[in-house]
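Structure file my_file.pdb with PDB, C-alpha atoms:
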```
ATOM      1  CA  MET A  27      33.571  19.597  56.719
ATOM      2  CA  ASN A  28      31.624  16.570  55.508
ATOM      3  CA  ASN A  29      31.458  16.522  51.720
ATOM      4  CA  GLN A  30      29.671  13.184  51.583
ATOM      5  CA  ILE A  31      26.086  12.911  50.308
ATOM      6  CA  GLN A  32      23.887  11.452  53.042
ATOM      7  CA  THR A  33      20.870   9.313  52.072
ATOM      8  CA  ASN A  34      18.175   8.180  54.475
ATOM      9  CA  GLU A  35      14.967   6.291  53.687
ATOM     10  CA  ILE A  36      12.155   8.129  55.481
ATOM     11  CA  SER A  37       9.196   6.084  54.244
ATOM     12  CA  HIS A  38       8.414   2.810  52.506
ATOM     13  CA  GLU A  39       4.760   2.178  51.710
ATOM     14  CA  VAL A  40       3.244  -0.836  49.976
ATOM     15  CA  TYR A  41       0.173   0.291  48.039
ATOM     16  CA  GLN A  42      -1.750  -2.270  45.963
ATOM     17  CA  ASN A  43       1.447  -4.383  45.891
ATOM     18  CA  HIS A  44       3.431  -1.416  44.534
ATOM     19  CA  HIS A  45       6.399  -0.274  46.630
ATOM     20  CA  ILE A  46       6.724   3.491  47.081
ATOM     21  CA  ARG A  47       9.873   4.655  48.842
ATOM     22  CA  VAL A  48      10.998   8.152  49.754
ATOM     23  CA  HIS A  49      14.620   8.987  50.487
ATOM     24  CA  GLN A  50      15.886  12.193  52.034
ATOM     25  CA  ILE A  51      19.157  13.238  50.443
ATOM     26  CA  ASP A  52      21.458  15.753  52.074
ATOM     27  CA  SER A  53      23.969  17.097  49.598
ATOM     28  CA  PRO A  54      26.670  19.647  50.488
ATOM     29  CA  ARG A  55      26.247  21.144  47.033
ATOM     30  CA  ASN A  56      22.468  20.933  46.452
ATOM     31  CA  GLY A  57      21.126  20.987  49.983
ATOM     32  CA  THR A  58      18.309  18.751  51.160
ATOM     33  CA  TYR A  59      15.943  17.175  48.629
ATOM     34  CA  TYR A  60      13.878  14.020  48.293
ATOM     35  CA  ALA A  61      13.913  11.101  45.852
ATOM     36  CA  ILE A  62      10.753   9.107  45.218
ATOM     37  CA  TYR A  63      11.068   5.527  43.962
ATOM     38  CA  HIS A  64       8.176   3.496  42.570
ATOM     39  CA  THR A  65       8.696  -0.267  42.155
ATOM     40  CA  THR A  66       5.985  -2.202  40.318
ATOM     41  CA  PRO A  67       4.942  -5.655  41.612
ATOM     42  CA  GLN A  68       6.630  -7.289  38.615
ATOM     43  CA  SER A  69       9.940  -5.532  39.229
ATOM     44  CA  TYR A  70       9.785  -6.242  42.958
ATOM     45  CA  THR A  71       9.193  -9.956  42.303
ATOM     46  CA  LEU A  72      12.140 -10.102  39.907
ATOM     47  CA  ARG A  73      14.367  -8.397  42.475
ATOM     48  CA  GLN A  74      13.408 -10.933  45.141
ATOM     49  CA  LYS A  75      13.827 -13.899  42.794
ATOM     50  CA  TYR A  76      17.014 -12.760  41.041
ATOM     51  CA  PRO A  77      18.727 -10.293  43.422
ATOM     52  CA  SER A  78      22.112 -10.348  41.703
ATOM     53  CA  ARG A  79      20.704 -10.003  38.190
ATOM     54  CA  HIS A  80      18.420  -7.078  39.038
ATOM     55  CA  ARG A  81      20.641  -5.340  41.580
ATOM     56  CA  GLY A  82      21.140  -2.333  39.324
ATOM     57  CA  TYR A  83      17.545  -2.105  38.132
ATOM     58  CA  ASN A  84      16.374   1.516  38.191
ATOM     59  CA  ASP A  85      12.913   2.157  39.590
ATOM     60  CA  PHE A  86      10.771   4.986  38.326
ATOM     61  CA  ARG A  87      12.250   8.005  40.083
ATOM     62  CA  ALA A  88      11.401  11.654  40.683
ATOM     63  CA  THR A  89      12.820  14.325  42.936
ATOM     64  CA  ALA A  90      11.186  16.983  45.074
ATOM     65  CA  HIS A  91      12.514  19.808  47.220
ATOM     66  CA  ASN A  92       9.960  19.710  50.025
ATOM     67  CA  ILE A  93       7.617  17.275  51.769
ATOM     68  CA  GLU A  94       4.498  18.881  50.249
ATOM     69  CA  ALA A  95       5.785  18.147  46.745
ATOM     70  CA  VAL A  96       6.651  14.594  47.820
ATOM     71  CA  GLU A  97       3.125  14.013  49.123
ATOM     72  CA  ALA A  98       1.605  15.420  45.927
ATOM     73  CA  TYR A  99       3.774  13.211  43.749
ATOM     74  CA  VAL A 100       3.023  10.088  45.832
ATOM     75  CA  ALA A 101      -0.684  10.894  45.523
ATOM     76  CA  THR A 102      -0.261  11.059  41.742
ATOM     77  CA  ILE A 103       1.453   7.660  41.726
ATOM     78  CA  LYS A 104      -1.402   6.149  43.751
ATOM     79  CA  ALA A 105      -4.017   7.691  41.463
ATOM     80  CA  LYS A 106      -2.329   6.130  38.416
ATOM     81  CA  ILE A 107      -2.146   2.769  40.176
ATOM     82  CA  ASP A 108      -5.871   2.967  41.013
ATOM     83  CA  LEU A 109      -6.695   3.904  37.423
ATOM     84  CA  LYS A 110      -4.776   0.941  36.007
ATOM     85  CA  LEU A 111      -6.295  -1.410  38.576
ATOM     86  CA  LYS A 112      -9.810  -0.254  37.718
ATOM     87  CA  ALA A 113      -9.114  -0.667  34.001
ATOM     88  CA  LYS A 114      -7.891  -4.210  34.658
ATOM     89  CA  GLN A 115     -10.962  -5.041  36.764
ATOM     90  CA  ASP A 116     -13.272  -3.598  34.097
ATOM     91  CA  ARG A 117     -11.496  -5.639  31.425
ATOM     92  CA  LEU A 118     -11.841  -8.823  33.481
ATOM     93  CA  ALA A 119     -15.544  -8.123  34.023
ATOM     94  CA  GLU A 120     -16.076  -7.495  30.298
ATOM     95  CA  ASN A 121     -14.261 -10.727  29.419
ATOM     96  CA  ALA A 122     -16.332 -12.676  31.972
ATOM     97  CA  LYS A 123     -19.516 -11.269  30.452
ATOM     98  CA  ALA A 124     -18.250 -12.109  26.964
ATOM     99  CA  ARG A 125     -17.651 -15.730  28.002
ATOM    100  CA  GLU A 126     -21.192 -15.971  29.364
ATOM    101  CA  GLU A 127     -22.732 -14.568  26.169
ATOM    102  CA  PHE A 128     -20.441 -16.402  23.749
ATOM    103  CA  VAL A 129     -22.016 -18.850  21.298
ATOM    104  CA  ASN A 130     -19.608 -21.322  19.758
ATOM    105  CA  PRO A 131     -19.713 -20.601  16.000
ATOM    106  CA  TYR A 132     -18.184 -23.904  14.911
ATOM    107  CA  LYS A 133     -19.866 -27.163  13.935
ATOM    108  CA  VAL A 134     -18.670 -30.704  13.299
ATOM    109  CA  GLY A 135     -17.002 -30.876   9.899
ATOM    110  CA  ASP A 136     -15.614 -27.327   9.912
ATOM    111  CA  ILE A 137     -11.963 -26.999   8.912
ATOM    112  CA  LEU A 138      -9.350 -24.904  10.713
ATOM    113  CA  TYR A 139      -5.889 -24.009   9.490
ATOM    114  CA  GLY A 140      -2.670 -22.722  10.991
ATOM    115  CA  SER A 141       0.298 -21.160   9.223
ATOM    116  CA  TRP A 142       3.733 -21.020  10.811
ATOM    117  CA  GLY A 143       7.457 -21.123  10.108
ATOM    118  CA  TYR A 144      10.558 -18.939   9.967
ATOM    119  CA  ASP A 145      12.326 -19.543   6.640
ATOM    120  CA  GLN A 146       9.439 -21.572   5.247
ATOM    121  CA  THR A 147       5.649 -21.543   5.490
ATOM    122  CA  ASN A 148       4.106 -24.648   7.012
ATOM    123  CA  ILE A 149       0.367 -25.254   6.831
ATOM    124  CA  ASP A 150      -1.630 -27.472   9.195
ATOM    125  CA  PHE A 151      -5.271 -28.344   8.644
ATOM    126  CA  TYR A 152      -7.622 -29.720  11.266
ATOM    127  CA  GLN A 153     -11.216 -30.898  11.047
ATOM    128  CA  VAL A 154     -13.679 -30.343  13.891
ATOM    129  CA  VAL A 155     -14.999 -33.664  15.212
ATOM    130  CA  GLU A 156     -16.735 -32.462  18.409
ATOM    131  CA  VAL A 157     -18.077 -29.141  19.666
ATOM    132  CA  LYS A 158     -18.507 -27.992  23.289
ATOM    133  CA  ASN A 159     -19.467 -24.601  24.733
ATOM    134  CA  ARG A 160     -15.972 -23.112  24.569
ATOM    135  CA  SER A 161     -13.853 -25.932  23.251
ATOM    136  CA  LEU A 162     -13.402 -28.144  20.213
ATOM    137  CA  LYS A 163     -12.010 -31.555  19.473
ATOM    138  CA  ILE A 164     -10.074 -31.527  16.224
ATOM    139  CA  GLN A 165      -8.201 -34.052  14.116
ATOM    140  CA  LYS A 166      -5.455 -33.362  11.608
ATOM    141  CA  ILE A 167      -6.293 -33.807   7.929
ATOM    142  CA  GLY A 168      -4.234 -33.815   4.763
ATOM    143  CA  TYR A 169      -4.139 -31.350   1.916
ATOM    144  CA  LYS A 170      -3.580 -31.289  -1.827
ATOM    145  CA  SER A 171      -1.452 -29.111  -4.061
ATOM    146  CA  VAL A 172      -3.592 -26.824  -6.208
ATOM    147  CA  ARG A 173      -0.859 -25.073  -8.146
ATOM    148  CA  SER A 174       2.861 -24.460  -8.001
ATOM    149  CA  THR A 175       3.968 -20.860  -7.503
ATOM    150  CA  SER A 176       7.761 -21.410  -7.635
ATOM    151  CA  TRP A 177      10.309 -24.186  -7.349
ATOM    152  CA  CYS A 178       9.831 -24.191  -3.571
ATOM    153  CA  SER A 179       6.281 -22.971  -2.974
ATOM    154  CA  GLU A 180       2.712 -23.846  -3.846
ATOM    155  CA  GLU A 181      -0.916 -23.134  -3.080
ATOM    156  CA  VAL A 182      -2.620 -25.905  -1.125
ATOM    157  CA  ALA A 183      -6.164 -26.743  -0.045
ATOM    158  CA  PRO A 184      -7.426 -29.108   2.684
ATOM    159  CA  VAL A 185      -9.011 -32.458   1.885
ATOM    160  CA  LYS A 186     -12.030 -32.971   4.117
ATOM    161  CA  ASP A 187     -12.257 -36.314   5.969
ATOM    162  CA  LYS A 188      -8.714 -37.270   4.910
ATOM    163  CA  PHE A 189      -7.480 -37.857   8.442
ATOM    164  CA  VAL A 190      -3.712 -38.335   8.564
ATOM    165  CA  LYS A 191      -3.415 -39.053  12.282
ATOM    166  CA  ASP A 192      -5.579 -40.856  14.816
ATOM    167  CA  GLU A 193      -4.707 -38.363  17.531
ATOM    168  CA  ILE A 194      -7.544 -36.042  18.531
ATOM    169  CA  HIS A 195      -6.692 -32.685  20.077
ATOM    170  CA  ARG A 196      -8.866 -30.727  22.489
ATOM    171  CA  VAL A 197      -8.473 -26.981  21.998
ATOM    172  CA  ASN A 198     -10.041 -24.183  24.016
ATOM    173  CA  LEU A 199     -11.639 -21.078  22.584
ATOM    174  CA  VAL A 200     -10.154 -18.146  24.497
ATOM    175  CA  VAL A 201     -13.032 -15.675  24.580
ATOM    176  CA  ARG A 202     -12.571 -11.970  25.301
ATOM    177  CA  SER A 203     -14.238  -8.645  24.733
ATOM    178  CA  TYR A 204     -12.409  -6.414  22.252
ATOM    179  CA  ASN A 205     -13.662  -2.873  21.652
ATOM    180  CA  GLY A 206     -17.105  -3.911  22.846
ATOM    181  CA  LYS A 207     -17.244  -6.949  20.553
ATOM    182  CA  ILE A 208     -16.961 -10.597  21.533
ATOM    183  CA  ASP A 209     -13.952 -12.261  19.930
ATOM    184  CA  HIS A 210     -12.029 -15.494  20.414
ATOM    185  CA  SER A 211      -8.745 -17.184  19.560
ATOM    186  CA  ILE A 212      -7.677 -20.820  19.279
ATOM    187  CA  LYS A 213      -4.151 -21.960  20.050
ATOM    188  CA  SER A 214      -2.823 -24.524  17.592
ATOM    189  CA  PRO A 215      -1.640 -27.937  18.841
ATOM    190  CA  SER A 216       1.583 -27.294  16.888
ATOM    191  CA  PHE A 217       2.524 -23.604  16.646
ATOM    192  CA  GLY A 218       0.683 -20.311  16.543
ATOM    193  CA  HIS A 219      -3.092 -20.038  16.296
ATOM    194  CA  LEU A 220      -5.843 -21.609  14.247
ATOM    195  CA  HIS A 221      -8.340 -19.847  12.007
ATOM    196  CA  ARG A 222     -11.450 -20.954  10.202
ATOM    197  CA  HIS A 223     -10.855 -22.139   6.637
ATOM    198  CA  GLU A 224     -13.233 -20.146   4.475
ATOM    199  CA  GLY A 225     -12.412 -21.930   1.230
ATOM    200  CA  GLY A 226      -9.780 -21.199  -1.383
ATOM    201  CA  THR A 227      -6.090 -22.001  -1.030
ATOM    202  CA  HIS A 228      -3.224 -21.254   1.327
ATOM    203  CA  HIS A 229       0.426 -20.522   0.594
ATOM    204  CA  SER A 230       3.020 -23.148   1.527
ATOM    205  CA  SER A 231       6.801 -23.063   1.008
ATOM    206  CA  TRP A 232       9.797 -25.158   1.967
ATOM    207  CA  GLY A 233      12.907 -23.164   1.100
ATOM    208  CA  HIS A 234      14.416 -19.821   0.138
TER     209      HIS A 234
END
```
Starting from the coordinates I provided, produce the structure as structure tokens.
Amino acid sequence: MNNQIQTNEISHEVYQNHHIRVHQIDSPRNGTYYAIYHTTPQSYTLRQKYPSRHRGYNDFRATAHNIEAVEAYVATIKAKIDLKLKAKQDRLAENAKAREEFVNPYKVGDILYGSWGYDQTNIDFYQVVEVKNRSLKIQKIGYKSVRSTSWCSEEVAPVKDKFVKDEIHRVNLVVRSYNGKIDHSIKSPSFGHLHRHEGGTHHSSWGH
């Protein structure tokens, strides 16, 4: 008597770059049933690129006891894939429309700031020196201490036209639609993102 579990792949379909596999499993204890595996494109790519590292990666898995249940479950997987694909296409279309309708809100002379750091808070200030449709040219400017808040922190404010470096950076405005509204972000030449300076001061620190 064979007490070994027998596994046989009976189908392997690639649907919208997703891999859907069905295995028939014959078990002396549980009889015949089916296992459905769903591998996303990202997981499949990682498996091909790093086979040893992702050898034990578990795909999304379900079981069924007859072919009709297998077909129904595979249909559900495909419907979810289609839904996500449509959502992605709609999002891309909305972002494309947002880029077409976007009006650059900045002008020459505006000041941007970025705040970054792990155990300290660094502040960078940049002044806009050129404006394009969806990009800016900016140059780093200095700042002044407004007031001390502790032995290792202070409030600072930018000093317009006090250029501290000759280097001019070109930064893109990444435009997207968010909840029906047009929004944008600007990646800093150093770390993080830049925001418009609306006046006032910004916190800076250099120790614990």
Name the residues captured by the PyMOL selection byres ((chain A and resi 184) around 6) when it is applied to the shown file; answer as a list in words.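 What the PyMOL selection byres ((chain A and resi 184) around 6) grabs from the file is Tyr169, Ala183 and Val185 of chain A.
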- Distance CA of Ser230 in chain A-CA of Phe217 in chain A, one decimal place?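 Interatomic distance here is 15.1 Å.
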What separates CA of Ser211 in chain A and CA of His228 in chain A is a distance of 19.5 Å
I want to know what sits within 12 Å of range 192-196 of chain A, based on all atoms listed in the file, with residues of the same chain fewer than 4 positions away left out; could you give that as a PyMOL selection string? chain A and resi 152-158+160-167+187-188+212-216
Option closest in space to Thr175 in chain A, from A:Leu220, A:Asp209, A:Pro54, A:His229 [counting all atoms listed in the file]
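Smallest separation from Thr175 in chain A among the options: A:His229.
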Distance query range 41-51 of chain A at most 9 Å, only C-alpha atoms, self and fewer than 4 positions along chain excluded, as a compact mmCIF listing (two decimals) with C-alpha atoms, in the frame of the given file:
```txt
# COMPACT_ATOMS: atom_id res chain seq x y z
CA ILE A 31 26.09 12.91 50.31
CA GLN A 32 23.89 11.45 53.04
CA THR A 33 20.87 9.31 52.07
CA ASN A 34 18.18 8.18 54.48
CA GLU A 35 14.97 6.29 53.69
CA ILE A 36 12.16 8.13 55.48
CA SER A 37 9.20 6.08 54.24
CA GLY A 57 21.13 20.99 49.98
CA THR A 58 18.31 18.75 51.16
CA TYR A 59 15.94 17.18 48.63
CA TYR A 60 13.88 14.02 48.29
CA ALA A 61 13.91 11.10 45.85
CA ILE A 62 10.75 9.11 45.22
CA TYR A 63 11.07 5.53 43.96
CA HIS A 64 8.18 3.50 42.57
CA THR A 65 8.70 -0.27 42.16
CA THR A 66 5.98 -2.20 40.32
CA PRO A 67 4.94 -5.66 41.61
CA GLN A 68 6.63 -7.29 38.62
CA TYR A 70 9.78 -6.24 42.96
CA VAL A 96 6.65 14.59 47.82
CA VAL A 100 3.02 10.09 45.83
CA ILE A 103 1.45 7.66 41.73
CA LYS A 104 -1.40 6.15 43.75
CA ILE A 107 -2.15 2.77 40.18
CA ASP A 108 -5.87 2.97 41.01
CA LEU A 111 -6.30 -1.41 38.58
```
Atom pair CA of Phe86 in chain A + CA of Asp52 in chain A, distance 20.5 Å
On this file, the PyMOL selection byres ((chain A and resi 147) around 8) gives some set of residues; write that set as a PyMOL selection string. chain A and resi 141-146+148-149+229-232
